[in-house]
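Right, one structure below, let's go through it.
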Amino acid sequence: MKNHSSEQELEQLRGLVQQLQHHILREQDRSIGLEHEAATAKAGSNREPLIAELSQLKASFSYRLGRFLTAPFRGIATLFEFSIRALRWALRRALAKARKK
Amino acid sequence: MPRFSVITPVYNVPARVFRDTARSVLNQSFSDWEWVLVDDASPQNHVRASLRKVANSDPRVKVITAEQNGGIVSATNIAIEHAAGEFIALLDHDDLLDPHALESVHNVLSEDESIDMVYTDEDKLSPLGRHYDRVRKPIWSPEKLRGQMYVGHLGVYRADLVRAVGGFRKECEGSQDHDLALRVSEQARSIRHIPEVLYHWRVVPGSTAATVENKPYTWKAGLKAVEDHLERIGLDATASFGPHPSHYTVNRRPDLSTPVSIIIPTRGSSGMVDASPRTFILALVQSLLRTNTHQQFELVVVYDTGTPDAVLQSLQRLAGDSLLLVEYSKPFNFSEKCNLGALHATHETLLFLNDDMECITEEAIGQLIAPLNEPEVGATGARLLFEDGTVQHGGHKHDMGEYTLNYYGAPNNFPGEFGAMLINREVSGVTGACIALRKSLFTRVGGFSELFPNSYNDVDLCNKITSTGSRILWLANTVLRHFESKSRTPVVDPGDYLRIQERWGAARDPYYA
């Protein structure tokens with residue numbers, strides 16, 4: 001009878017230890033999490049001045065003038081790229097046809 | 001002493017090609033360098049004239065002429081002998097350095113005195129001047145380097161260390177740079193990657209850049225380099241030719257002696273696989289017992305209240321004394337179930353497996369736990385396949401706040417970007433459906449976060465592991481099947497998504513593959 005009671009006590013103790021270990025595990029996770037959240041928030045706040053700077057740049061006269069003046073060239077570059085692609089496609093097709101023959 | 005000695009063995013390089021190479025060195029934005037050129041007794045007369053012209057144009061250029069042709073290893077070793085710089089930068093006679101290459105490397109080296117090796121991203125340059133095949137390299141990844149020469153160009157090594165390891169080896173001619181990278185990395189105090197394209201590999205007919213098949217002897221030489229490396233560092237593993245040229249399969253000897261606790265959360269669900277009904281956990285345990293000879297394991301099955309008694313009884317019959325049943329009576333929380341299993345586990349090595357899995361390769365347990373004997377390895381994961389044989393898991397990609405599975409749904413034989421799926425490699429994370437790690441590390445990082453009951457708990461765990469400085473390995477040749485979504489509909493919890501963003505932000509994946 002005495003042994004049985006000791007076994008029960010041991011089981012209870014084991015359960016308590018496990019609960020404690022579980023609690024430690026959660027706390028450990030929480031502390032690591034908070035540490036990283038703080039670091040992430042800090043990194044995030046650094047982005048704000050960069051975003052503001054970028055908006056300022058895009059709103060500036062020189063940037064808009066630059067975009068305006070280079071628009072035809074950008075258009076030509078895009079057209080050029082597409083025509084190269086079309087040529088390559090046609091060449092591949094012609095080669096494939098030739099191989100079939 | 002100059003900061004850099006750029007060294008270039010030269011052999012019959014076309015004059016026009018070499019002129020561009022020379023221009024790329026002479027026009028560097030950083031000036032503290034010397035360029036050591038070794039003419040490997042080129043029979044074509046114009047080579048000597050080209051070299052003389054470059055030497056006359058800048059006092060930092062040294063030209064040495066070998067008495068007889070000795071091959072690339074011999075010529076490079078002569079260059080190393082004559083190099084006076086603190087660091088050696090390797091440049092092939094037909095390639096180009098980015099104008100800011102040496103400046104960028106110098107800036108990184110200035111940050112930390114202990115850096116002994118630096119490598120940068122690179123791309124290829126077609127004869128028509130088109131840049132393509134940008135190689136985005138990961139941060140220092142020794143496991144990946146055993147599988148392929150991913151370090152490539154531009155490689156910059158501390159000169160003293162290169163001499164200390166004996167320079168280039170003749171027996172690895174063809175893959176001499178892979179061999180050198182392996183040998184230097186074994187001794188290096190710190191290795192850094194610069195994620196910028198600072199080297200342009202020009203594709204000329206017959207060069208390795210055009211096709212590796214042009215030089216099959218390089219593959220053989222690379223295998224020798226990897227085998228010798230394994231022997232030197234005492235890694236109990238074998239190396240063999242990989243499925244594609246210039247790739248090597250490195251398999252560690254399965255660890256069959258370390259006791260392991262296999263933790264499986266379950267609710268005893270059933271479904272159809274291969275047109276036959278099965279109870280997932282029973283099929284998993286059967287496959288574990290069938291494909292593994294590992295004797296020292298316990299099965300910690302964390303089952304929901306309400307799991308059919310018949311399933312638990314069948315488990316008892318299958319696993320006998322090695323089974324430990326742990327009841328879970330709360331609402332579903334994957335993390336808490338896994339943590340509970342880990343708290344009941346009696347062994348130091350843990351292997352978490354979802355119940356809807358099936359072992360395919362022999363000794364998967366031994367293979368997954370073998371790398372954990374290396375102190376820098378924090379966790380390992382396996383190749384997981386769907387029922388139809390397509391890829392379910394090839395490692396995680398944690399990039400800019402998005403968490404994705406690499407090559408999800410790709411055919412099993414898909415090589416991946418630059419052969420990423422062919423070799424073992426470091427990854428930012430592996431799925432919680434199959435992850436092995438040490439209990440001490442698991443406890444140290446707070447286990448699976450119970451703030452993520454459904455999704456991203458594995459992402460979070462892996463981020464915590466890598467933040468301790470440990471590496472996570474994805475093992476290409478350890479294969480299990482994962483019948484995801486057959487036992488539970490995969491849904492991303494929006495709350496979990498917001499929480500993971502809050503905790504880890506949006507950084508680039510350092511192992512981008």
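Residues in the structure tokens are named by chain (A, B, ... in the order shown) and by number from 1 within that chain; ligands are numbered from 1 in the order shown.
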
Exercise: Arg30 of chain A partners within 12 Å, only C-alpha atoms, chain neighbours under 4 positions left out, as a list in words: His23, Ile24, Leu25, Arg26, Leu34, Glu35, His36 and Glu37 of chain A; Arg444, Val445, Gly446, Gly447, Phe448, Ser449, Glu450, Leu451, Phe452, Asp460, Lys464 and Arg503 of chain B

Would you put the residues from that selection into a file with N, CA and C atoms, as a CSV table (one decimal), in the first residue's frame?
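What follows is the written file again-v3.csv:
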```csv
chain,number,residue,atom,x,y,z
A,23,HIS,N,6.4,24.8,-19.5
A,23,HIS,CA,6.4,26.3,-19.3
A,23,HIS,C,7.7,27.0,-19.7
A,24,ILE,N,8.8,26.3,-19.3
A,24,ILE,CA,10.1,26.9,-19.6
A,24,ILE,C,10.3,27.0,-21.2
A,25,LEU,N,9.8,25.9,-21.8
A,25,LEU,CA,9.9,25.9,-23.3
A,25,LEU,C,9.2,27.1,-23.9
A,26,ARG,N,7.9,27.3,-23.4
A,26,ARG,CA,7.1,28.4,-23.9
A,26,ARG,C,7.8,29.7,-23.6
A,34,LEU,N,10.3,37.7,-28.9
A,34,LEU,CA,10.3,39.2,-28.6
A,34,LEU,C,11.6,39.8,-29.1
A,35,GLU,N,12.7,39.1,-28.8
A,35,GLU,CA,14.0,39.6,-29.3
A,35,GLU,C,14.0,39.9,-30.8
A,36,HIS,N,13.5,38.9,-31.5
A,36,HIS,CA,13.5,39.1,-33.0
A,36,HIS,C,12.4,40.1,-33.5
A,37,GLU,N,11.3,40.1,-32.7
A,37,GLU,CA,10.3,41.1,-33.1
A,37,GLU,C,10.9,42.5,-33.0
B,444,ARG,N,16.7,24.7,-26.3
B,444,ARG,CA,17.3,26.0,-26.2
B,444,ARG,C,16.6,27.1,-27.0
B,445,VAL,N,16.0,26.6,-28.2
B,445,VAL,CA,15.2,27.6,-29.0
B,445,VAL,C,13.8,27.7,-28.6
B,446,GLY,N,13.4,26.9,-27.6
B,446,GLY,CA,12.0,27.0,-27.2
B,446,GLY,C,11.0,26.1,-28.0
B,447,GLY,N,11.5,25.1,-28.6
B,447,GLY,CA,10.7,24.1,-29.3
B,447,GLY,C,9.9,24.8,-30.4
B,448,PHE,N,8.8,24.1,-30.8
B,448,PHE,CA,7.9,24.7,-31.8
B,448,PHE,C,7.1,25.7,-31.1
B,449,SER,N,7.0,26.9,-31.7
B,449,SER,CA,6.2,28.0,-31.0
B,449,SER,C,4.8,27.7,-31.0
B,450,GLU,N,4.2,27.7,-29.8
B,450,GLU,CA,2.7,27.4,-29.7
B,450,GLU,C,1.9,28.6,-30.1
B,451,LEU,N,2.5,29.7,-30.4
B,451,LEU,CA,1.8,30.8,-31.0
B,451,LEU,C,1.4,30.5,-32.4
B,452,PHE,N,2.0,29.5,-33.0
B,452,PHE,CA,1.7,29.1,-34.4
B,452,PHE,C,1.0,27.7,-34.4
B,460,ASP,N,9.2,29.0,-38.2
B,460,ASP,CA,9.7,29.7,-37.0
B,460,ASP,C,10.8,28.9,-36.3
B,464,LYS,N,14.7,30.0,-35.8
B,464,LYS,CA,15.3,30.1,-34.5
B,464,LYS,C,16.6,29.3,-34.5
B,503,ARG,N,7.4,38.6,-36.4
B,503,ARG,CA,8.5,38.0,-35.7
B,503,ARG,C,9.8,38.1,-36.5
```

Pull the closest atom pair for each residue of chain B that gets at most 12 Å from chain A, along with the distance in Å to one decimal, counting only C-alpha atoms, ordering rows by chain and then ascending residue number, as a Markdown table.
```
| residue | atom | partner | partner_atom | distance |
| --- | --- | --- | --- | --- |
| B:Ser335 | CA | A:Arg26 | CA | 10.6 |
| B:Glu336 | CA | A:His22 | CA | 9.1 |
| B:Lys337 | CA | A:His22 | CA | 11.2 |
| B:Cys338 | CA | A:His22 | CA | 11.2 |
| B:Asn339 | CA | A:His22 | CA | 7.6 |
| B:Leu340 | CA | A:His22 | CA | 7.5 |
| B:Gly341 | CA | A:His22 | CA | 10.6 |
| B:Ala342 | CA | A:His22 | CA | 9.6 |
| B:Leu343 | CA | A:Gln18 | CA | 6.6 |
| B:His344 | CA | A:Gln18 | CA | 7.9 |
| B:Ala345 | CA | A:Gln18 | CA | 11.0 |
| B:Gly401 | CA | A:Thr40 | CA | 11.2 |
| B:Lys439 | CA | A:Leu25 | CA | 11.6 |
| B:Ser440 | CA | A:Leu25 | CA | 11.4 |
| B:Leu441 | CA | A:Leu25 | CA | 11.4 |
| B:Phe442 | CA | A:Leu25 | CA | 9.0 |
| B:Thr443 | CA | A:Leu25 | CA | 6.2 |
| B:Arg444 | CA | A:Gln28 | CA | 7.2 |
| B:Val445 | CA | A:Asp29 | CA | 6.2 |
| B:Gly446 | CA | A:Asp29 | CA | 4.1 |
| B:Gly447 | CA | A:Leu25 | CA | 6.3 |
| B:Phe448 | CA | A:Asp29 | CA | 7.9 |
| B:Ser449 | CA | A:Asp29 | CA | 6.1 |
| B:Glu450 | CA | A:Arg26 | CA | 7.3 |
| B:Leu451 | CA | A:Arg30 | CA | 8.8 |
| B:Phe452 | CA | A:Asp29 | CA | 11.2 |
| B:Asn457 | CA | A:Asp29 | CA | 11.4 |
| B:Asp460 | CA | A:Gly33 | CA | 9.1 |
| B:Leu461 | CA | A:Asp29 | CA | 9.3 |
| B:Asn463 | CA | A:His36 | CA | 10.1 |
| B:Lys464 | CA | A:Ile32 | CA | 7.8 |
| B:Ile465 | CA | A:Ile32 | CA | 10.9 |
| B:Ser467 | CA | A:His36 | CA | 9.6 |
| B:Thr468 | CA | A:Ile32 | CA | 10.7 |
| B:Leu498 | CA | A:Glu37 | CA | 11.9 |
| B:Arg499 | CA | A:Glu37 | CA | 9.5 |
| B:Ile500 | CA | A:Glu37 | CA | 9.4 |
| B:Gln501 | CA | A:Thr40 | CA | 8.8 |
| B:Glu502 | CA | A:Glu37 | CA | 5.9 |
| B:Arg503 | CA | A:Glu37 | CA | 4.4 |
| B:Trp504 | CA | A:Thr40 | CA | 6.1 |
| B:Gly505 | CA | A:Thr40 | CA | 5.3 |
| B:Ala506 | CA | A:Thr40 | CA | 8.2 |
| B:Ala507 | CA | A:Thr40 | CA | 9.2 |
```

All alpha helix (DSSP H) positions in segment 423-474 of chain B, as number ranges by chain: B: 439-444, 457-466

For Thr478 of chain B, please output as a PDB file with N, CA and C atoms, in the first residue's frame all residues within 8 Å (counting only C-alpha atoms; exclusion window: fewer than 2 positions along the same chain).
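part27.pdb written:
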```pdb
ATOM      1  N   THR B 361      13.420   5.328 -48.818  1.00  0.00           N
ATOM      2  CA  THR B 361      14.825   4.885 -48.854  1.00  0.00           C
ATOM      3  C   THR B 361      15.160   4.059 -47.619  1.00  0.00           C
ATOM      4  N   ALA B 364      16.454   5.534 -43.613  1.00  0.00           N
ATOM      5  CA  ALA B 364      16.184   6.985 -43.596  1.00  0.00           C
ATOM      6  C   ALA B 364      16.466   7.583 -42.215  1.00  0.00           C
ATOM      7  N   GLN B 367      20.150   8.020 -41.845  1.00  0.00           N
ATOM      8  CA  GLN B 367      20.645   9.084 -42.738  1.00  0.00           C
ATOM      9  C   GLN B 367      20.293  10.475 -42.195  1.00  0.00           C
ATOM     10  N   LEU B 368      19.078  10.586 -41.646  1.00  0.00           N
ATOM     11  CA  LEU B 368      18.646  11.896 -41.144  1.00  0.00           C
ATOM     12  C   LEU B 368      19.413  12.323 -39.899  1.00  0.00           C
ATOM     13  N   ALA B 382      14.319  15.888 -45.289  1.00  0.00           N
ATOM     14  CA  ALA B 382      14.446  14.934 -46.394  1.00  0.00           C
ATOM     15  C   ALA B 382      13.714  15.419 -47.632  1.00  0.00           C
ATOM     16  N   ARG B 383      13.924  14.695 -48.734  1.00  0.00           N
ATOM     17  CA  ARG B 383      13.132  14.916 -49.955  1.00  0.00           C
ATOM     18  C   ARG B 383      11.785  14.227 -49.726  1.00  0.00           C
ATOM     19  N   LEU B 475      18.521  16.779 -47.342  1.00  0.00           N
ATOM     20  CA  LEU B 475      19.230  15.613 -47.873  1.00  0.00           C
ATOM     21  C   LEU B 475      18.524  15.111 -49.136  1.00  0.00           C
ATOM     22  N   ALA B 476      19.226  15.237 -50.250  1.00  0.00           N
ATOM     23  CA  ALA B 476      18.613  14.951 -51.555  1.00  0.00           C
ATOM     24  C   ALA B 476      18.256  13.475 -51.739  1.00  0.00           C
ATOM     25  N   LEU B 480      11.109  10.230 -48.557  1.00  0.00           N
ATOM     26  CA  LEU B 480       9.888   9.715 -47.929  1.00  0.00           C
ATOM     27  C   LEU B 480       8.702  10.196 -48.767  1.00  0.00           C
TER      28      LEU B 480
END
```

Å distance separating atom CA of Ser287 of chain B from atom CA of Gly147 of chain B, one decimal place: 28.9 Å

Atomic separation - atom CA of Thr65 of chain B relative to atom CA of Asp40 of chain B, Å: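 Atom CA of Asp40 of chain B sits 6.5 Å away from atom CA of Thr65 of chain B.
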
Top pick for closest residue to Arg278 of chain B, considering B:Asp355, B:Leu323, B:His46, B:Thr346 and counting only C-alpha atoms: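 Going through B:Asp355, B:Leu323, B:His46, B:Thr346 one by one, the smallest distance to Arg278 of chain B is for B:Asp355.
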
Separation of atom CA of Asn424 of chain B from atom CA of Ala283 of chain B in Å: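 Separation between atom CA of Ala283 of chain B and atom CA of Asn424 of chain B: 27.4 Å.
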
DSSP-assigned strand (DSSP E or B) among segment 239-324 of chain B, expressed as JSON, numbers by chain: {"B": [239, 240, 241, 248, 249, 250, 251, 252, 260, 261, 262, 263, 264, 265, 266, 270, 271, 272, 273, 276, 277, 278, 279, 297, 298, 299, 300, 301, 302, 303, 304, 323, 324]}

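With only C-alpha atoms as the atoms that count, the residue of B:Arg136, B:Arg16, B:Arg189, B:Arg438 with the shortest distance to Leu351 of chain B is B:Arg438.
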
Counting only C-alpha atoms, the residue of B:Leu437, B:Gly320, B:Gln313, B:Ser329 that sits nearest Leu372 of chain B: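 Of all the options, B:Leu437 lies closest to Leu372 of chain B.
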
Near-Asp321 of chain B list (9 Å; only C-alpha atoms; drop same-chain fewer than 3 positions) as a ChimeraX atom specification: /B:298,316,324

Selection near Arg48 of chain B, 12 Å with only C-alpha atoms, sequence-local residues under 6 positions removed, as a PDB file with C-alpha atoms, in the first residue's frame:
```pdb
ATOM      1  CA  VAL B  10      47.601  32.213 -70.034  1.00  0.00           C
ATOM      2  CA  TYR B  11      47.630  29.735 -72.895  1.00  0.00           C
ATOM      3  CA  ASN B  12      46.940  30.534 -76.538  1.00  0.00           C
ATOM      4  CA  VAL B  13      44.299  33.115 -75.702  1.00  0.00           C
ATOM      5  CA  PRO B  14      42.983  35.008 -78.771  1.00  0.00           C
ATOM      6  CA  ALA B  15      44.426  38.548 -78.803  1.00  0.00           C
ATOM      7  CA  PHE B  18      42.661  38.932 -73.934  1.00  0.00           C
ATOM      8  CA  LEU B  37      50.294  36.611 -65.692  1.00  0.00           C
ATOM      9  CA  VAL B  38      51.996  33.321 -66.444  1.00  0.00           C
ATOM     10  CA  ASP B  39      52.377  32.377 -70.082  1.00  0.00           C
ATOM     11  CA  ASP B  40      52.260  28.589 -70.072  1.00  0.00           C
ATOM     12  CA  ALA B  41      54.626  28.359 -73.057  1.00  0.00           C
ATOM     13  CA  SER B  42      51.928  29.284 -75.566  1.00  0.00           C
ATOM     14  CA  VAL B  54      49.934  44.905 -71.146  1.00  0.00           C
ATOM     15  CA  ALA B  55      53.078  44.772 -69.000  1.00  0.00           C
ATOM     16  CA  VAL B  63      54.541  38.661 -66.766  1.00  0.00           C
ATOM     17  CA  ILE B  64      56.303  35.350 -66.258  1.00  0.00           C
ATOM     18  CA  THR B  65      56.976  32.897 -69.055  1.00  0.00           C
ATOM     19  CA  ALA B  66      57.083  29.205 -68.210  1.00  0.00           C
TER      20      ALA B  66
END
```

Selected residue, from B:His393, B:His229, B:Arg183, B:His482, that lies nearest to Leu353 of chain B when counting only C-alpha atoms: B:His482

Selection near segment 126-132 of chain B, 8 Å with only C-alpha atoms, sequence-local residues under 2 positions removed, as a list in words: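 Final neighbour list, sorted by chain and number: Asp123, Lys124, Arg134, His200, Arg202, Val203 and Val204 of chain B.
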
Write out the residues from the selection above, keeping C-alpha atoms, as an mmCIF file, in the first residue's frame.
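File produced: result.cif:
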```cif
data_model
loop_
_atom_site.group_PDB
_atom_site.id
_atom_site.type_symbol
_atom_site.label_atom_id
_atom_site.label_comp_id
_atom_site.auth_asym_id
_atom_site.auth_seq_id
_atom_site.Cartn_x
_atom_site.Cartn_y
_atom_site.Cartn_z
ATOM 1 C CA ASP B 123 27.201 35.415 -64.802
ATOM 2 C CA LYS B 124 28.002 34.238 -68.297
ATOM 3 C CA ARG B 134 23.353 34.830 -63.302
ATOM 4 C CA HIS B 200 31.705 37.579 -66.088
ATOM 5 C CA ARG B 202 32.910 34.453 -71.176
ATOM 6 C CA VAL B 203 31.483 31.618 -73.205
ATOM 7 C CA VAL B 204 33.892 30.683 -75.971
#
```

Cys172 of chain B environment, 7 Å, only C-alpha atoms, sequence neighbours closer than 2 positions dropped, as JSON, numbers by chain: {"B": [169, 170, 174, 175, 176, 179, 221, 222, 224, 225]}

Convert the current residue selection to file output with N, CA and C atoms, as an mmCIF file, in the first residue's frame.
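File part.cif, as written:
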```cif
data_model
loop_
_atom_site.group_PDB
_atom_site.id
_atom_site.type_symbol
_atom_site.label_atom_id
_atom_site.label_comp_id
_atom_site.auth_asym_id
_atom_site.auth_seq_id
_atom_site.Cartn_x
_atom_site.Cartn_y
_atom_site.Cartn_z
ATOM 1 N N ARG B 169 46.680 21.422 -56.815
ATOM 2 C CA ARG B 169 47.205 20.047 -56.909
ATOM 3 C C ARG B 169 47.071 19.524 -58.333
ATOM 4 N N LYS B 170 48.161 18.953 -58.809
ATOM 5 C CA LYS B 170 48.207 18.421 -60.172
ATOM 6 C C LYS B 170 47.161 17.321 -60.376
ATOM 7 N N GLY B 174 41.766 20.257 -63.796
ATOM 8 C CA GLY B 174 40.426 20.280 -64.414
ATOM 9 C C GLY B 174 39.399 20.743 -63.397
ATOM 10 N N SER B 175 39.573 20.300 -62.129
ATOM 11 C CA SER B 175 38.713 20.778 -61.042
ATOM 12 C C SER B 175 39.594 21.320 -59.932
ATOM 13 N N GLN B 176 40.719 21.884 -60.347
ATOM 14 C CA GLN B 176 41.709 22.352 -59.362
ATOM 15 C C GLN B 176 41.161 23.472 -58.489
ATOM 16 N N ASP B 179 39.008 21.866 -55.793
ATOM 17 C CA ASP B 179 39.912 21.248 -54.814
ATOM 18 C C ASP B 179 40.496 22.323 -53.888
ATOM 19 N N ALA B 221 38.143 14.585 -61.866
ATOM 20 C CA ALA B 221 39.065 15.304 -60.977
ATOM 21 C C ALA B 221 38.312 15.880 -59.780
ATOM 22 N N GLY B 222 37.094 16.361 -60.045
ATOM 23 C CA GLY B 222 36.267 16.925 -58.967
ATOM 24 C C GLY B 222 35.904 15.860 -57.948
ATOM 25 N N LYS B 224 37.631 13.273 -57.164
ATOM 26 C CA LYS B 224 38.816 13.014 -56.338
ATOM 27 C C LYS B 224 38.963 14.118 -55.276
ATOM 28 N N ALA B 225 38.712 15.351 -55.707
ATOM 29 C CA ALA B 225 38.826 16.485 -54.761
ATOM 30 C C ALA B 225 37.865 16.291 -53.585
#
```
